[in-house]
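Report on the following structure.
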Amino acid sequence: MQHFDLTGKVAFVTGGNGGIGFGMARGLVAAGARVVVAARNADKSASAIGALGPNASAVDLDVADEASVNTAIARAVDRFGRLDILINNAGVNIRKPPEAMALAEWQTVLNTNLTGAWLCARAAHPALKAAGGGKIINIGSMASIFGAPFVAAYSASKGGLVQLTRSLAVAWAPDNIQVNAVLPGWIDTELSRNARKQVAGLNERVLARTPAGRWGTLDDVEGIAVFLASPASDFVTGAAIPLDGGYSSQL
Ligand code: NDP
């Protein structure tokens, strides 16, 4: 299907060396794109690009560091001569009641999940515009729309990411850049496996609360990444799409 063909396109995936980012990178490669996996842990990135094959490469990136973001995006553009797709997926969570959270912990979460996405989008914008248009996909969460006692910083960052998505979509529509958010429900990754260890009964609650009756898998994240990265979504912008097995549709 030509609508979903990414041949010739170059994608930059933050946190693409594991979890949801890796699943999305795998989908983009399968659709024909060349993918740059960008994260801090070089060993993890090396094994990710080994698994993704010859159309994948890696750059070091700390999304919370402005200079690192600018250097990593510049290196990706230099390496491939263009940039068409940015996936802002890098994210962290520090689970604590709001009254027990230190300012440094709050800042770590906000700087990674929200400020990092804006820094990457700002750095990518000139190359996306020069390519005649592009796609930005921001990875939110169910915490973009719901609250919980242990996720004040995380939900603030992920709610903010949806509003950032809408503002970038409006600002850059004249440049033919579509900006959308994906709001995953519970997906089985390292991050959510840690949550299962830290929060007693979480596994059972997720299964009971998710109409699909299961955790999401990396296979589940591939399709939406390809859709939002491809011409199939050229008239979709500013949207925040749940990827949640019905979690957010159920009272
Ligand atoms: P993982 O912990 O498996 O992956 C997160 C990735 O982000 C890692 O590869 C990590 O790589 C990278 N990362 C973290 N901090 C930075 C940083 N400062 N700079 C660059 N890269 C960074 O998590 P998931 O795959 O589960 O999560 C991916 C995204 O999806 C996150 O934004 C998360 O909030 C969101 N999400 C996940 C859900 C789930 O159920 N799994 C549900 C809803 C949302 P490295 O350490 O090498 O830098």
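Letters for chains follow the order of the structure tokens (A, B, ...), residue numbers begin at 1 for each chain, and ligand numbers begin at 1 in the order shown.
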
Taking only C-alpha atoms and all ligand atoms into account, which residues have an atom no farther than 8 Å from ligand 1? I'd like them as JSON, numbers by chain. {"A": [14, 15, 16, 17, 18, 19, 20, 21, 22, 38, 39, 40, 41, 42, 44, 45, 60, 61, 62, 63, 64, 65, 88, 89, 90, 91, 92, 93, 112, 113, 116, 139, 140, 141, 142, 143, 154, 158, 183, 184, 185, 186, 187, 188, 189, 190, 191, 192, 193, 216]}

Just write the chosen residues, C-alpha atoms, as a short mmCIF file (atom, residue, chain, number, x, y, z; two decimals), in the first residue's frame.
data_model
loop_
_atom_site.label_atom_id
_atom_site.label_comp_id
_atom_site.auth_asym_id
_atom_site.auth_seq_id
_atom_site.Cartn_x
_atom_site.Cartn_y
_atom_site.Cartn_z
CA THR A 14 14.22 9.08 20.99
CA GLY A 15 14.50 6.18 23.42
CA GLY A 16 14.38 3.90 20.37
CA ASN A 17 16.80 1.45 21.99
CA GLY A 18 14.10 -0.31 24.03
CA GLY A 19 10.42 -0.71 24.79
CA ILE A 20 7.81 1.24 22.84
CA GLY A 21 10.43 3.27 20.94
CA PHE A 22 12.09 0.10 19.72
CA ALA A 38 18.73 8.00 19.90
CA ALA A 39 19.24 7.37 23.63
CA ARG A 40 21.82 7.45 26.45
CA ASN A 41 22.79 3.79 26.87
CA ALA A 42 25.15 3.01 23.96
CA LYS A 44 21.40 -0.95 24.53
CA SER A 45 21.41 1.14 21.33
CA ASP A 60 23.97 9.28 21.71
CA LEU A 61 21.26 11.53 23.10
CA ASP A 62 20.13 12.95 26.39
CA VAL A 63 16.82 14.68 25.63
CA ALA A 64 17.09 16.73 28.81
CA ASP A 65 20.29 18.38 27.57
CA ASN A 88 9.44 11.83 20.89
CA ASN A 89 9.29 8.66 22.94
CA ALA A 90 12.03 9.01 25.62
CA GLY A 91 10.35 9.08 29.00
CA VAL A 92 10.85 8.42 32.70
CA ASN A 93 8.60 8.12 35.72
CA THR A 112 12.81 14.45 30.05
CA ASN A 113 9.18 13.93 29.09
CA GLY A 116 12.93 17.11 25.92
CA ILE A 139 4.28 9.52 23.09
CA GLY A 140 1.88 10.48 25.86
CA SER A 141 0.17 8.11 28.26
CA MET A 142 -3.13 7.36 29.96
CA ALA A 143 -1.64 9.84 32.47
CA TYR A 154 4.51 12.26 35.18
CA LYS A 158 2.22 13.85 29.73
CA LEU A 183 -1.47 7.72 24.33
CA PRO A 184 -0.49 4.16 25.20
CA GLY A 185 -2.38 2.20 27.79
CA TRP A 186 -0.44 -0.50 29.60
CA ILE A 187 2.23 -1.89 27.28
CA ASP A 188 4.57 -4.67 28.41
CA THR A 189 8.06 -3.00 28.56
CA GLU A 190 10.91 -2.54 31.02
CA LEU A 191 9.27 0.61 32.41
CA SER A 192 5.92 -1.10 33.04
CA ARG A 193 7.63 -4.26 34.37
CA GLY A 216 -0.33 -4.23 24.91
#

Item checked: Arg75 in chain A environment, 12 Å, only C-alpha atoms, sequence neighbours closer than 6 positions dropped, as a ChimeraX atom specification -> /A:12,36-38,57-61,68-69,81-83,123-124,127

Would you pick out the contacts of Leu6 in chain A at 6 Å or less, using only C-alpha atoms, so that residues sharing its chain but fewer than 2 positions from it are not included, and give the list as a list of chain:residue names?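 What passes the distance filter is A:Lys9, A:Ala31, A:Gly32, A:Ala33.
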
In terms of only C-alpha atoms, the residue from A:Gln250, A:Asn180, A:Gln107, A:Ser47 at minimal distance from Ser167 in chain A is A:Asn180

The distance between CA of Phe4 in chain A and CA of Ile136 in chain A is 15.7 Å

What lies within 9 Å of Leu52 in chain A using only C-alpha atoms, ignoring chain neighbours under 3 positions off, as a compact mmCIF listing (two decimals) with C-alpha atoms, in the first residue's frame?
# COMPACT_ATOMS: atom_id res chain seq x y z
CA PHE A 22 12.09 0.10 19.72
CA ALA A 25 11.39 1.87 15.11
CA ARG A 26 10.82 -1.74 14.05
CA VAL A 29 12.00 -0.04 9.26
CA VAL A 35 15.84 4.92 11.44
CA SER A 47 21.91 -4.25 20.38
CA ALA A 48 18.76 -2.45 19.19
CA ILE A 49 20.31 -1.52 15.85
CA ASN A 55 18.58 0.49 7.89
CA ALA A 56 19.10 1.43 11.53
CA SER A 57 21.88 3.43 13.16

**Study point:** From A:Val109, A:Ala11, A:Ile177, A:Ile85, residue lying nearest Gly132 in chain A [only C-alpha atoms]
**Key:**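 Smallest distance to Gly132 in chain A is found for A:Ile177.
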
Notebook entry, point to check: Got a sec: who's within 9 Å of Met24 in chain A, counting only C-alpha atoms, leaving out chain neighbours fewer than 4 positions off, as a list in words?
Noted result: Val13, Gly16, Gly19, Ile20, Leu28, Val29, Ile87, Leu218, Asp219, Val221, Glu222, Gly223, Ile224, Ala225 and Val226 of chain A

So which residues touch Arg209 in chain A within 12 Å, counting only C-alpha atoms, skipping near sequence neighbours fewer than 4 positions away, as an mmCIF file with N, CA, C and O atoms, in the first residue's frame?
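Okay, this is what ended up in out-v9.cif:
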data_model
loop_
_atom_site.group_PDB
_atom_site.id
_atom_site.type_symbol
_atom_site.label_atom_id
_atom_site.label_comp_id
_atom_site.auth_asym_id
_atom_site.auth_seq_id
_atom_site.Cartn_x
_atom_site.Cartn_y
_atom_site.Cartn_z
ATOM 1 N N GLY A 185 -1.932 2.788 26.531
ATOM 2 C CA GLY A 185 -2.376 2.199 27.792
ATOM 3 C C GLY A 185 -1.219 1.380 28.330
ATOM 4 O O GLY A 185 -0.051 1.718 28.115
ATOM 5 N N TRP A 186 -1.516 0.290 28.996
ATOM 6 C CA TRP A 186 -0.443 -0.496 29.604
ATOM 7 C C TRP A 186 0.199 -1.395 28.556
ATOM 8 O O TRP A 186 -0.437 -2.291 28.023
ATOM 9 N N LEU A 202 -0.875 -4.528 40.581
ATOM 10 C CA LEU A 202 -1.030 -3.752 39.334
ATOM 11 C C LEU A 202 -1.412 -4.650 38.157
ATOM 12 O O LEU A 202 -2.311 -4.326 37.376
ATOM 13 N N ASN A 203 -0.725 -5.781 38.046
ATOM 14 C CA ASN A 203 -0.993 -6.671 36.913
ATOM 15 C C ASN A 203 -2.479 -7.048 36.843
ATOM 16 O O ASN A 203 -3.118 -6.909 35.789
ATOM 17 N N GLU A 204 -3.036 -7.451 37.969
ATOM 18 C CA GLU A 204 -4.437 -7.877 38.016
ATOM 19 C C GLU A 204 -5.361 -6.693 37.692
ATOM 20 O O GLU A 204 -6.338 -6.830 36.962
ATOM 21 N N ARG A 205 -5.021 -5.516 38.237
ATOM 22 C CA ARG A 205 -5.868 -4.342 38.002
ATOM 23 C C ARG A 205 -5.864 -3.956 36.524
ATOM 24 O O ARG A 205 -6.889 -3.603 35.957
ATOM 25 N N GLY A 213 -8.559 -7.063 27.756
ATOM 26 C CA GLY A 213 -8.210 -8.157 28.661
ATOM 27 C C GLY A 213 -6.758 -8.596 28.588
ATOM 28 O O GLY A 213 -6.429 -9.717 28.977
ATOM 29 N N ARG A 214 -5.889 -7.706 28.132
ATOM 30 C CA ARG A 214 -4.463 -8.065 28.060
ATOM 31 C C ARG A 214 -3.619 -6.802 28.093
ATOM 32 O O ARG A 214 -4.119 -5.696 27.905
ATOM 33 N N TRP A 215 -2.301 -6.984 28.324
ATOM 34 C CA TRP A 215 -1.335 -5.890 28.159
ATOM 35 C C TRP A 215 -1.082 -5.693 26.667
ATOM 36 O O TRP A 215 -1.167 -6.639 25.882
ATOM 37 N N ASP A 244 -4.873 1.650 23.629
ATOM 38 C CA ASP A 244 -5.083 1.218 25.018
ATOM 39 C C ASP A 244 -6.028 0.043 25.204
ATOM 40 O O ASP A 244 -6.476 -0.193 26.332
ATOM 41 N N GLY A 245 -6.375 -0.659 24.137
ATOM 42 C CA GLY A 245 -7.293 -1.790 24.288
ATOM 43 C C GLY A 245 -8.634 -1.393 24.905
ATOM 44 O O GLY A 245 -9.317 -2.228 25.497
ATOM 45 N N GLY A 246 -8.990 -0.103 24.782
ATOM 46 C CA GLY A 246 -10.286 0.370 25.287
ATOM 47 C C GLY A 246 -10.236 0.930 26.705
ATOM 48 O O GLY A 246 -11.260 1.380 27.239
ATOM 49 N N TYR A 247 -9.045 0.977 27.319
ATOM 50 C CA TYR A 247 -8.887 1.422 28.716
ATOM 51 C C TYR A 247 -9.566 2.777 28.967
ATOM 52 O O TYR A 247 -10.296 2.941 29.942
ATOM 53 N N SER A 248 -9.330 3.743 28.074
ATOM 54 C CA SER A 248 -9.853 5.097 28.330
ATOM 55 C C SER A 248 -11.301 5.262 27.905
ATOM 56 O O SER A 248 -11.890 6.327 28.105
ATOM 57 N N SER A 249 -11.899 4.210 27.337
ATOM 58 C CA SER A 249 -13.308 4.308 26.918
ATOM 59 C C SER A 249 -14.239 3.753 27.977
ATOM 60 O O SER A 249 -15.446 3.898 27.876
ATOM 61 N N GLN A 250 -13.668 3.097 28.979
ATOM 62 C CA GLN A 250 -14.490 2.413 29.981
ATOM 63 C C GLN A 250 -14.582 3.255 31.251
ATOM 64 O O GLN A 250 -13.560 3.702 31.749
ATOM 65 N N LEU A 251 -15.799 3.424 31.778
ATOM 66 C CA LEU A 251 -15.996 4.136 33.052
ATOM 67 C C LEU A 251 -15.303 3.425 34.199
ATOM 68 O O LEU A 251 -15.285 2.204 34.216
#

(request) Just the residues within 12 Å of Val170 in chain A, please, counting only C-alpha atoms, with nothing from its chain fewer than 3 positions along; format it as number ranges by chain. (result) A: 163-167, 173-180, 236-239

The residue from A:Leu243, A:Thr71, A:Asp234, A:Leu228 with the smallest atom-to-atom distance to Gly27 in chain A, counting only C-alpha atoms, is A:Leu228

Suppose you want the space between CA of Pro54 in chain A and CA of Trp118 in chain A; what is it in Å?
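So the answer is 29.2 Å.
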
If you run DSSP on the backbone, which residues of range 90-135 of chain A are helix (DSSP H, G or I), as a count of residues only? 31

Practice task
List every residue of range 95-162 of chain A that DSSP, applied to the backbone, labels as strand (DSSP E or B), and write the result as a list in words.
Solution key: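 Filtering range 95-162 of chain A down to strand (DSSP E or B) leaves Lys96, Gly134, Lys135, Ile136, Ile137, Asn138, Ile139 and Val151 of chain A.
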
Nearest to Arg95 in chain A by atom-to-atom distance, counting only C-alpha atoms, from A:Ser230, A:Asn138, A:Asn70, A:Asn194 |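 Of A:Ser230, A:Asn138, A:Asn70, A:Asn194, the one nearest Arg95 in chain A is A:Asn194, counting only C-alpha atoms.
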
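Atom pair CA of Lys96 in chain A / CA of Ala208 in chain A has a distance of 23.9 Å (rounded to one decimal).
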